[in-house]
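Pasted below: work07.pdb, PDB, C-alpha atoms.
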ATOM      1  CA  MET A   1       2.212  40.636  -0.418
ATOM      2  CA  TYR A   2       1.418  40.812  -4.133
ATOM      3  CA  ALA A   3       2.032  44.575  -4.152
ATOM      4  CA  TRP A   4       5.409  43.985  -2.501
ATOM      5  CA  ILE A   5       6.374  41.387  -5.126
ATOM      6  CA  PHE A   6       5.212  43.665  -7.947
ATOM      7  CA  HIS A   7       7.266  46.603  -6.644
ATOM      8  CA  HIS A   8      10.382  44.457  -6.354
ATOM      9  CA  LEU A   9      10.252  43.131  -9.908
ATOM     10  CA  PRO A  10      12.925  44.729 -12.073
ATOM     11  CA  GLY A  11      12.328  46.845 -15.175
ATOM     12  CA  ASN A  12       9.669  49.284 -16.268
ATOM     13  CA  LEU A  13       5.925  48.822 -15.917
ATOM     14  CA  PHE A  14       5.633  46.769 -19.123
ATOM     15  CA  TRP A  15       8.313  44.304 -18.014
ATOM     16  CA  ARG A  16       6.873  44.028 -14.513
ATOM     17  CA  VAL A  17       3.396  43.223 -15.885
ATOM     18  CA  LEU A  18       4.917  40.657 -18.246
ATOM     19  CA  GLN A  19       6.867  39.003 -15.417
ATOM     20  CA  SER A  20       3.727  38.936 -13.268
ATOM     21  CA  VAL A  21       1.818  37.147 -16.022
ATOM     22  CA  VAL A  22       4.625  34.573 -16.375
ATOM     23  CA  LEU A  23       4.752  34.016 -12.610
ATOM     24  CA  VAL A  24       0.968  33.523 -12.381
ATOM     25  CA  ALA A  25       1.061  31.126 -15.362
ATOM     26  CA  ALA A  26       3.860  29.135 -13.709
ATOM     27  CA  VAL A  27       1.887  28.847 -10.462
ATOM     28  CA  VAL A  28      -1.275  27.735 -12.294
ATOM     29  CA  ALA A  29       0.730  25.191 -14.319
ATOM     30  CA  ALA A  30       2.294  23.789 -11.134
ATOM     31  CA  LEU A  31      -1.162  23.505  -9.548
ATOM     32  CA  PHE A  32      -2.686  21.781 -12.619
ATOM     33  CA  LEU A  33       0.193  19.408 -13.298
ATOM     34  CA  TRP A  34       1.335  18.392  -9.822
ATOM     35  CA  VAL A  35      -0.604  19.833  -6.891
ATOM     36  CA  PHE A  36      -4.193  19.095  -7.968
ATOM     37  CA  PRO A  37      -3.508  15.528  -9.190
ATOM     38  CA  ALA A  38      -1.818  14.860  -5.831
ATOM     39  CA  ILE A  39      -4.680  16.155  -3.672
ATOM     40  CA  ALA A  40      -7.610  15.021  -5.871
ATOM     41  CA  PRO A  41      -7.917  11.585  -4.191
ATOM     42  CA  TYR A  42      -8.626  13.368  -0.900
ATOM     43  CA  LEU A  43     -11.270  15.703  -2.372
ATOM     44  CA  THR A  44     -13.789  13.249  -3.757
ATOM     45  CA  LEU A  45     -16.818  15.556  -3.936
ATOM     46  CA  LEU A  46     -16.971  15.452  -7.728
ATOM     47  CA  GLU A  47     -15.022  12.273  -8.238
ATOM     48  CA  GLY A  48     -15.871   8.697  -9.091
ATOM     49  CA  ASP A  49     -15.308   5.878  -6.667
ATOM     50  CA  PRO A  50     -12.929   3.077  -7.613
ATOM     51  CA  ALA A  51     -15.469   0.490  -6.459
ATOM     52  CA  VAL A  52     -17.910   1.260  -9.250
ATOM     53  CA  GLY A  53     -16.726   4.384 -11.044
TER      54      GLY A  53
ATOM     55  CA  MET B   1      -5.309  45.313   1.753
ATOM     56  CA  GLY B   2      -3.852  43.236   4.567
ATOM     57  CA  GLY B   3      -1.805  40.092   4.121
ATOM     58  CA  VAL B   4      -4.522  37.909   5.668
ATOM     59  CA  GLY B   5      -7.066  39.138   3.148
ATOM     60  CA  GLU B   6      -4.711  38.388   0.295
ATOM     61  CA  ILE B   7      -4.149  34.854   1.569
ATOM     62  CA  LEU B   8      -7.909  34.248   1.865
ATOM     63  CA  ILE B   9      -8.506  35.571  -1.647
ATOM     64  CA  THR B  10      -5.668  33.387  -2.907
ATOM     65  CA  LEU B  11      -7.239  30.315  -1.279
ATOM     66  CA  GLY B  12     -10.567  31.141  -2.906
ATOM     67  CA  VAL B  13      -8.940  31.489  -6.326
ATOM     68  CA  VAL B  14      -7.046  28.192  -5.848
ATOM     69  CA  LEU B  15     -10.282  26.381  -4.943
ATOM     70  CA  GLY B  16     -11.920  27.824  -8.050
ATOM     71  CA  LEU B  17      -8.965  26.675 -10.134
ATOM     72  CA  PHE B  18      -9.305  23.197  -8.615
ATOM     73  CA  VAL B  19     -12.887  22.965  -9.892
ATOM     74  CA  VAL B  20     -11.730  24.160 -13.332
ATOM     75  CA  TRP B  21      -8.965  21.558 -13.249
ATOM     76  CA  GLN B  22     -11.293  18.741 -12.246
ATOM     77  CA  LEU B  23     -14.182  19.511 -14.597
ATOM     78  CA  TRP B  24     -12.159  20.608 -17.604
ATOM     79  CA  TRP B  25      -8.457  19.820 -17.523
ATOM     80  CA  THR B  26      -8.775  16.173 -16.390
ATOM     81  CA  SER B  27     -11.003  15.595 -19.426
ATOM     82  CA  VAL B  28      -8.564  17.296 -21.789
ATOM     83  CA  GLU B  29      -5.781  14.998 -20.556
ATOM     84  CA  ALA B  30      -7.918  11.849 -20.362
ATOM     85  CA  THR B  31      -9.445  12.285 -23.811
ATOM     86  CA  ALA B  32      -5.998  12.700 -25.343
ATOM     87  CA  GLN B  33      -4.817   9.526 -23.581
ATOM     88  CA  ALA B  34      -7.904   7.600 -24.709
ATOM     89  CA  GLN B  35      -7.389   8.725 -28.297
ATOM     90  CA  GLU B  36      -3.796   7.541 -28.144
ATOM     91  CA  VAL B  37      -4.957   4.122 -26.902
ATOM     92  CA  MET B  38      -7.591   4.011 -29.666
ATOM     93  CA  GLN B  39      -5.022   4.795 -32.343
ATOM     94  CA  GLU B  40      -2.641   2.145 -31.011
ATOM     95  CA  PHE B  41      -5.464  -0.409 -30.915
ATOM     96  CA  GLU B  42      -6.786   0.452 -34.364
ATOM     97  CA  ALA B  43      -3.282   0.290 -35.821
ATOM     98  CA  THR B  44      -3.160  -3.405 -34.857
ATOM     99  CA  LEU B  45      -6.406  -4.218 -36.702
ATOM    100  CA  PRO B  46      -7.187  -4.695 -40.360
ATOM    101  CA  PRO B  47      -9.876  -2.140 -41.328
ATOM    102  CA  ALA B  48     -13.425  -3.472 -40.999
ATOM    103  CA  ASN B  49     -15.482  -4.037 -44.118
ATOM    104  CA  PRO B  50     -17.498  -0.758 -44.239
ATOM    105  CA  GLU B  51     -20.567  -2.272 -45.938
ATOM    106  CA  PRO B  52     -23.644  -2.870 -43.761
ATOM    107  CA  ALA B  53     -24.386  -6.557 -43.183
ATOM    108  CA  GLU B  54     -26.961  -8.734 -41.488
ATOM    109  CA  LEU B  55     -26.477  -9.358 -37.773
ATOM    110  CA  ARG B  56     -25.842 -12.990 -36.935
ATOM    111  CA  THR B  57     -27.746 -14.531 -34.062
ATOM    112  CA  ASP B  58     -25.852 -17.807 -33.664
ATOM    113  CA  ASP B  59     -23.321 -18.142 -30.821
ATOM    114  CA  PRO B  60     -20.741 -15.330 -31.102
ATOM    115  CA  PRO B  61     -17.012 -15.865 -30.619
ATOM    116  CA  VAL B  62     -15.909 -15.106 -27.040
ATOM    117  CA  PRO B  63     -12.471 -13.541 -26.548
ATOM    118  CA  ASP B  64     -10.037 -14.837 -23.940
ATOM    119  CA  LYS B  65      -9.740 -12.926 -20.672
ATOM    120  CA  ALA B  66      -7.295 -10.039 -21.088
ATOM    121  CA  ALA B  67      -4.542  -9.020 -18.672
ATOM    122  CA  TYR B  68      -5.200  -6.031 -16.397
ATOM    123  CA  GLY B  69      -5.000  -2.756 -18.316
ATOM    124  CA  GLU B  70      -4.938  -4.426 -21.723
ATOM    125  CA  THR B  71      -7.259  -2.982 -24.396
ATOM    126  CA  ILE B  72     -10.141  -5.365 -25.119
ATOM    127  CA  GLY B  73     -11.892  -3.331 -27.773
ATOM    128  CA  THR B  74     -13.901  -0.179 -28.249
ATOM    129  CA  LEU B  75     -17.269   0.889 -26.915
ATOM    130  CA  ILE B  76     -19.589   2.671 -29.334
ATOM    131  CA  VAL B  77     -22.843   4.185 -28.127
ATOM    132  CA  PRO B  78     -24.536   5.666 -31.215
ATOM    133  CA  ALA B  79     -26.781   7.877 -29.057
ATOM    134  CA  TRP B  80     -23.642   9.612 -27.750
ATOM    135  CA  TYR B  81     -22.238  10.664 -31.140
ATOM    136  CA  GLY B  82     -21.423  14.358 -30.990
ATOM    137  CA  LEU B  83     -21.811  14.458 -27.215
ATOM    138  CA  THR B  84     -18.789  12.668 -25.760
ATOM    139  CA  ASN B  85     -15.672  10.794 -26.707
ATOM    140  CA  ASN B  86     -17.140   8.023 -28.831
ATOM    141  CA  ALA B  87     -15.808   5.422 -29.527
ATOM    142  CA  MET B  88     -13.857   4.936 -26.329
ATOM    143  CA  PRO B  89     -11.417   2.145 -25.535
ATOM    144  CA  ILE B  90     -12.459  -0.685 -23.237
ATOM    145  CA  ALA B  91      -9.663  -1.945 -21.001
ATOM    146  CA  GLU B  92      -9.547  -4.852 -18.571
ATOM    147  CA  GLY B  93     -10.042  -3.776 -14.942
ATOM    148  CA  THR B  94     -11.796  -0.936 -13.159
ATOM    149  CA  GLY B  95      -8.899   0.756 -11.343
ATOM    150  CA  MET B  96      -8.600   4.533 -11.428
ATOM    151  CA  ASP B  97      -5.532   4.193 -13.678
ATOM    152  CA  VAL B  98      -7.875   2.723 -16.312
ATOM    153  CA  LEU B  99     -10.961   4.905 -15.766
ATOM    154  CA  ASP B 100      -8.981   8.152 -15.442
ATOM    155  CA  ARG B 101      -7.773   7.722 -19.024
ATOM    156  CA  ALA B 102     -11.347   8.120 -20.343
ATOM    157  CA  MET B 103     -11.645   4.402 -20.965
ATOM    158  CA  ALA B 104     -14.471   2.069 -20.052
ATOM    159  CA  GLY B 105     -13.185  -0.507 -17.554
ATOM    160  CA  HIS B 106     -14.292  -4.150 -17.709
ATOM    161  CA  TYR B 107     -15.093  -5.626 -14.295
ATOM    162  CA  GLU B 108     -12.582  -8.453 -14.020
ATOM    163  CA  THR B 109     -15.065 -10.700 -12.204
ATOM    164  CA  SER B 110     -17.711 -10.308 -14.904
ATOM    165  CA  GLN B 111     -17.989 -12.317 -18.122
ATOM    166  CA  GLN B 112     -16.315 -11.650 -21.468
ATOM    167  CA  VAL B 113     -18.058  -9.827 -24.295
ATOM    168  CA  GLY B 114     -20.484 -12.150 -26.099
ATOM    169  CA  GLU B 115     -20.380 -14.695 -23.281
ATOM    170  CA  ILE B 116     -23.550 -15.871 -21.519
ATOM    171  CA  GLY B 117     -23.727 -13.810 -18.334
ATOM    172  CA  ASN B 118     -22.864 -10.173 -17.801
ATOM    173  CA  PHE B 119     -20.208  -8.126 -19.632
ATOM    174  CA  ALA B 120     -20.056  -5.274 -17.105
ATOM    175  CA  LEU B 121     -18.305  -1.960 -17.702
ATOM    176  CA  ALA B 122     -17.523   1.030 -15.475
ATOM    177  CA  GLY B 123     -16.850   4.589 -16.614
ATOM    178  CA  HIS B 124     -16.616   8.088 -15.173
ATOM    179  CA  ARG B 125     -19.756  10.222 -15.248
ATOM    180  CA  ARG B 126     -18.003  13.608 -14.967
ATOM    181  CA  THR B 127     -14.260  14.409 -14.973
ATOM    182  CA  HIS B 128     -11.507  12.450 -16.710
ATOM    183  CA  GLY B 129     -13.202  12.453 -20.110
ATOM    184  CA  ASN B 130     -16.856  12.356 -18.928
ATOM    185  CA  SER B 131     -16.955   8.827 -20.389
ATOM    186  CA  PHE B 132     -20.534   7.876 -19.433
ATOM    187  CA  ARG B 133     -21.824  11.422 -18.848
ATOM    188  CA  HIS B 134     -24.906  10.998 -21.051
ATOM    189  CA  VAL B 135     -25.938   7.598 -19.686
ATOM    190  CA  ASP B 136     -29.262   9.157 -18.672
ATOM    191  CA  ASP B 137     -30.048   9.892 -22.361
ATOM    192  CA  LEU B 138     -30.139   6.191 -23.221
ATOM    193  CA  GLU B 139     -33.585   4.831 -23.957
ATOM    194  CA  LYS B 140     -34.946   1.331 -24.323
ATOM    195  CA  GLY B 141     -33.830  -0.068 -27.685
ATOM    196  CA  ASP B 142     -30.760   2.193 -28.065
ATOM    197  CA  GLN B 143     -27.785   0.233 -29.321
ATOM    198  CA  ILE B 144     -24.533  -0.312 -27.426
ATOM    199  CA  ILE B 145     -21.858  -1.756 -29.683
ATOM    200  CA  VAL B 146     -18.575  -3.397 -28.698
ATOM    201  CA  GLU B 147     -15.882  -3.794 -31.322
ATOM    202  CA  THR B 148     -13.048  -6.267 -30.776
ATOM    203  CA  ALA B 149     -10.190  -7.182 -33.075
ATOM    204  CA  THR B 150     -12.417  -9.616 -34.976
ATOM    205  CA  THR B 151     -16.044  -8.936 -34.125
ATOM    206  CA  TRP B 152     -18.833  -6.409 -33.635
ATOM    207  CA  TYR B 153     -21.163  -7.254 -30.726
ATOM    208  CA  VAL B 154     -24.503  -5.407 -30.729
ATOM    209  CA  TYR B 155     -26.556  -4.985 -27.556
ATOM    210  CA  GLU B 156     -29.798  -3.041 -26.987
ATOM    211  CA  VAL B 157     -30.697  -1.115 -23.846
ATOM    212  CA  THR B 158     -33.491  -2.756 -21.868
ATOM    213  CA  ASP B 159     -33.646  -0.901 -18.578
ATOM    214  CA  HIS B 160     -31.832   1.208 -16.018
ATOM    215  CA  GLU B 161     -31.869   1.646 -12.264
ATOM    216  CA  ILE B 162     -30.266   3.853  -9.643
ATOM    217  CA  VAL B 163     -28.662   1.971  -6.763
ATOM    218  CA  THR B 164     -26.443   2.646  -3.777
ATOM    219  CA  PRO B 165     -22.707   2.015  -4.304
ATOM    220  CA  ASP B 166     -22.740  -1.129  -2.121
ATOM    221  CA  GLN B 167     -25.090  -3.004  -4.492
ATOM    222  CA  VAL B 168     -22.250  -4.672  -6.342
ATOM    223  CA  ASP B 169     -24.409  -7.600  -7.469
ATOM    224  CA  VAL B 170     -25.647  -5.453 -10.382
ATOM    225  CA  VAL B 171     -22.572  -6.819 -12.169
ATOM    226  CA  ALA B 172     -23.341 -10.458 -11.265
ATOM    227  CA  PRO B 173     -23.960 -12.878 -14.212
ATOM    228  CA  VAL B 174     -27.665 -12.493 -13.385
ATOM    229  CA  PRO B 175     -27.929  -8.986 -11.871
ATOM    230  CA  HIS B 176     -29.188  -9.006  -8.249
ATOM    231  CA  HIS B 177     -29.179 -12.834  -8.213
ATOM    232  CA  PRO B 178     -25.510 -13.733  -7.703
ATOM    233  CA  ASP B 179     -26.285 -17.442  -7.181
ATOM    234  CA  GLU B 180     -28.391 -17.975 -10.301
ATOM    235  CA  LYS B 181     -27.001 -19.525 -13.448
ATOM    236  CA  PRO B 182     -27.189 -17.077 -16.374
ATOM    237  CA  THR B 183     -29.039 -17.892 -19.601
ATOM    238  CA  GLU B 184     -28.787 -14.502 -21.342
ATOM    239  CA  ARG B 185     -25.956 -12.416 -22.723
ATOM    240  CA  LEU B 186     -26.067  -9.033 -20.972
ATOM    241  CA  LEU B 187     -24.033  -5.853 -21.041
ATOM    242  CA  THR B 188     -24.152  -3.542 -18.030
ATOM    243  CA  LEU B 189     -22.870   0.027 -17.802
ATOM    244  CA  THR B 190     -22.179   1.409 -14.308
ATOM    245  CA  THR B 191     -21.333   5.016 -13.513
ATOM    246  CA  CYS B 192     -21.740   7.630 -10.802
ATOM    247  CA  HIS B 193     -24.988   9.371 -10.072
ATOM    248  CA  SER B 194     -26.332  11.528  -7.304
ATOM    249  CA  LEU B 195     -29.932  11.879  -6.188
ATOM    250  CA  THR B 196     -29.322  15.554  -5.418
ATOM    251  CA  LEU B 197     -26.413  16.584  -7.667
ATOM    252  CA  GLY B 198     -27.243  14.458 -10.741
ATOM    253  CA  GLU B 199     -24.169  13.863 -12.878
ATOM    254  CA  PHE B 200     -21.919  15.803 -10.485
ATOM    255  CA  GLY B 201     -22.268  13.549  -7.456
ATOM    256  CA  ASN B 202     -21.290  10.024  -6.540
ATOM    257  CA  ASP B 203     -23.604   9.021  -3.701
ATOM    258  CA  HIS B 204     -25.438   6.577  -5.994
ATOM    259  CA  ARG B 205     -24.724   4.558  -9.135
ATOM    260  CA  TRP B 206     -26.559   4.679 -12.435
ATOM    261  CA  ILE B 207     -26.848   1.186 -13.892
ATOM    262  CA  THR B 208     -27.933   0.644 -17.502
ATOM    263  CA  TYR B 209     -28.702  -2.892 -18.703
ATOM    264  CA  ALA B 210     -28.581  -4.066 -22.295
ATOM    265  CA  THR B 211     -29.199  -7.438 -23.891
ATOM    266  CA  PHE B 212     -27.387  -9.070 -26.805
ATOM    267  CA  VAL B 213     -29.127  -8.881 -30.179
ATOM    268  CA  GLY B 214     -26.462 -10.157 -32.561
ATOM    269  CA  TRP B 215     -22.930 -10.029 -33.877
ATOM    270  CA  MET B 216     -21.007  -9.510 -37.081
ATOM    271  CA  ASP B 217     -17.538 -10.498 -38.231
ATOM    272  CA  ARG B 218     -15.480  -7.380 -39.009
ATOM    273  CA  ALA B 219     -14.584  -8.950 -42.353
ATOM    274  CA  ASP B 220     -18.290  -9.234 -43.301
ATOM    275  CA  GLY B 221     -19.369  -5.668 -42.590
ATOM    276  CA  THR B 222     -20.049  -2.855 -40.117
ATOM    277  CA  PRO B 223     -23.248  -2.297 -38.098
ATOM    278  CA  GLU B 224     -25.339   0.473 -39.658
ATOM    279  CA  GLN B 225     -25.270   2.703 -36.581
ATOM    280  CA  VAL B 226     -21.452   2.866 -36.448
ATOM    281  CA  ARG B 227     -20.074   6.040 -38.017
TER     282      ARG B 227
END
How does this structure look as C-alpha cells?
Amino acid sequence: MYAWIFHHLPGNLFWRVLQSVVLVAAVVAALFLWVFPAIAPYLTLLEGDPAVG
Amino acid sequence: MGGVGEILITLGVVLGLFVVWQLWWTSVEATAQAQEVMQEFEATLPPANPEPAELRTDDPPVPDKAAYGETIGTLIVPAWYGLTNNAMPIAEGTGMDVLDRAMAGHYETSQQVGEIGNFALAGHRRTHGNSFRHVDDLEKGDQIIVETATTWYVYEVTDHEIVTPDQVDVVAPVPHHPDEKPTERLLTLTTCHSLTLGEFGNDHRWITYATFVGWMDRADGTPEQVR
C-alpha cells in the first residue's frame, strides 16, 4: 500500500520523499487535532474521571 | 510485505501516537490555555505588594460564589516550583472543560476559599497539563497558597489518604462526616491515583488535606514562599 503510493507520487526521488514527509505530517496533525480528541473520552485508561479528576 | 501487515503496523503506530498525544500534546495545549487564563486574570489585578508581611489570623474575607467556569484565583504550591505549571488558575466547577485546560477546578458544592468548611479542588494527575502530578511529594507542613483578586490565603498540608472514586464525602465540609457542622477552614486537593499504576491510573483518588494558617491582603504584602 505505502509502496504503491510512493511509486505513484510524481517527480524524482527527492520530491517523492518530500511529499511523503508532508503526507505523514498531515496525517499526524489530523490525528492530534481532531481524531484523538474525539476518541479520548472512550479510551480512559490514562485519563481522569469527571467525578473527581 | 502484504497489505494486512501494513495495516497492522499502521494501527500499532497510531496507538503509539495516541499515547504520545495523551501524555505530551494534551499538556502542551492545556498549559498554553492555562497561561492565557492566568494572564487575563492577572491583567485585571493591581500588582501585589512584593514585600513579605505578617500573616493575619483574624477572620479572612470570603469571596462570593463564582459562576461556572469563572476564574476564582490562582493556586500556588511552593513545593511544585520547577516541577509543574505553578501557579495555575482555579476556576469554578470540576467539568472536563475546566480541568482539561490545566486549571484546578473548585467543587461547586464545597465552600469558598477562606470560609469555614472545605475549599475543595480537583486537578488532573497526568495529561492535560499534569496539574496535580506531584501531589505525592507534598509533606506535612508544606504550604498551599490561594491568591484571589484581593487576598492571599495560606494553608498547610496536614495529611493525605488514598480512597476509591465513590468516596465523594472527602469534599464534605467535614471530610467523611457529611452531617457534621464544620469548625475549621480546610483546603482539599483531589486527583487521580492508581494502586498499581501510580500517577498513570485512575482507579483510586489521592486526597491531600490542608488547614488554614492565615491570610494577607495583597496590598500589604506577599507570602514569603511565593516566587
- Message: Selection in question (the file shown): the PyMOL selection byres ((chain B) within 6 of (chain A)). Which residues does it include, as a PyMOL selection string?
- Response: chain B and resi 95-96+122-124+191-192+200-201
- In Å, rounded to a single decimal, give me how far CA of Val98 in chain B is from CA of Thr127 in chain B.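 Computed distance, CA of Thr127 in chain B to CA of Val98 in chain B, equals 13.4 Å.
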- Item | Hits from the PyMOL selection byres ((chain B and resi 107) around 6), listed as a list in words |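 Applying the expression gives Gly93, Thr94, His106, Glu108, Thr109, Ser110, Ala120 and Leu121 of chain B.
Pairwise distance (CA of Pro223 in chain B, CA of Pro52 in chain B) equals 5.7 Å.
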- Query: Of the candidates B:Gly129, B:Gly117, B:Pro46, B:Gly69, which shows the shortest atom-to-atom distance to Glu92 in chain B, using only C-alpha atoms?
  - Reply: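 Checking each of B:Gly129, B:Gly117, B:Pro46, B:Gly69 against Glu92 in chain B, counting only C-alpha atoms, the winner is B:Gly69.
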- Message: When you look at range 5-12 of chain A with a cut-off of 12 Å (counting all atoms listed in the file), what residues show up, excluding the ones that are within fewer than 5 positions of it in the same chain? I need them as a list in words.
- Response: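 Answer for this query is Val17, Leu18, Gln19, Ser20, Val21, Leu23 and Val24 of chain A.
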Output of the above residues as a PDB file, in the frame of the given file, restricted to C-alpha atoms:
ATOM      1  CA  VAL A  17       3.396  43.223 -15.885  1.00  0.00           C
ATOM      2  CA  LEU A  18       4.917  40.657 -18.246  1.00  0.00           C
ATOM      3  CA  GLN A  19       6.867  39.003 -15.417  1.00  0.00           C
ATOM      4  CA  SER A  20       3.727  38.936 -13.268  1.00  0.00           C
ATOM      5  CA  VAL A  21       1.818  37.147 -16.022  1.00  0.00           C
ATOM      6  CA  LEU A  23       4.752  34.016 -12.610  1.00  0.00           C
ATOM      7  CA  VAL A  24       0.968  33.523 -12.381  1.00  0.00           C
TER       8      VAL A  24
END
- Task: Find the residues around Val163 in chain B up to 7 Å (only C-alpha atoms counted), leave out those fewer than 2 positions away in its own chain, and share them as a ChimeraX atom specification.
- Result: /B:161,165,167,204-206
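For the pair CA of Val13 in chain B and CA of Ala32 in chain B, the separation is 26.9 Å.
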- Task: Do a neighbour search on Gln111 in chain B at 10 Å with all atoms listed in the file, toss out local chain neighbours closer than 2 positions, and write the hits as a ChimeraX atom specification.
- Result: /B:62,65,106-109,113-120,171-173,185-187
Take the residues that were just selected and, keeping C-alpha atoms, output them as a compact mmCIF listing (two decimals), in the coordinates of the input.
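As a result, again-v6.txt now contains:
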# COMPACT_ATOMS: atom_id res chain seq x y z
CA VAL B 62 -15.91 -15.11 -27.04
CA LYS B 65 -9.74 -12.93 -20.67
CA HIS B 106 -14.29 -4.15 -17.71
CA TYR B 107 -15.09 -5.63 -14.30
CA GLU B 108 -12.58 -8.45 -14.02
CA THR B 109 -15.06 -10.70 -12.20
CA VAL B 113 -18.06 -9.83 -24.30
CA GLY B 114 -20.48 -12.15 -26.10
CA GLU B 115 -20.38 -14.70 -23.28
CA ILE B 116 -23.55 -15.87 -21.52
CA GLY B 117 -23.73 -13.81 -18.33
CA ASN B 118 -22.86 -10.17 -17.80
CA PHE B 119 -20.21 -8.13 -19.63
CA ALA B 120 -20.06 -5.27 -17.10
CA VAL B 171 -22.57 -6.82 -12.17
CA ALA B 172 -23.34 -10.46 -11.26
CA PRO B 173 -23.96 -12.88 -14.21
CA ARG B 185 -25.96 -12.42 -22.72
CA LEU B 186 -26.07 -9.03 -20.97
CA LEU B 187 -24.03 -5.85 -21.04
- Query: Counting all atoms listed in the file, what is within 12 Å of range 155-158 of chain B, bar same-chain residues fewer than 3 positions away, as a ChimeraX atom specification?
  - Reply: /B:55,57,75-79,113-114,118-119,135-147,152,161,184-189,207-216,223,225
- Query: Evaluating the PyMOL selection byres ((chain B and resi 91) around 6) on the displayed file yields which residues, as an NGL selection string?
  - Reply: :B and (69-72 or 90 or 92 or 105)
- Query: From the list B:Asn85, B:Asn202, B:Thr150, B:Asn49, which residue is nearest Glu224 in chain B when using all atoms listed in the file?
  - Reply: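 Result for the nearest residue to Glu224 in chain B: B:Asn49.
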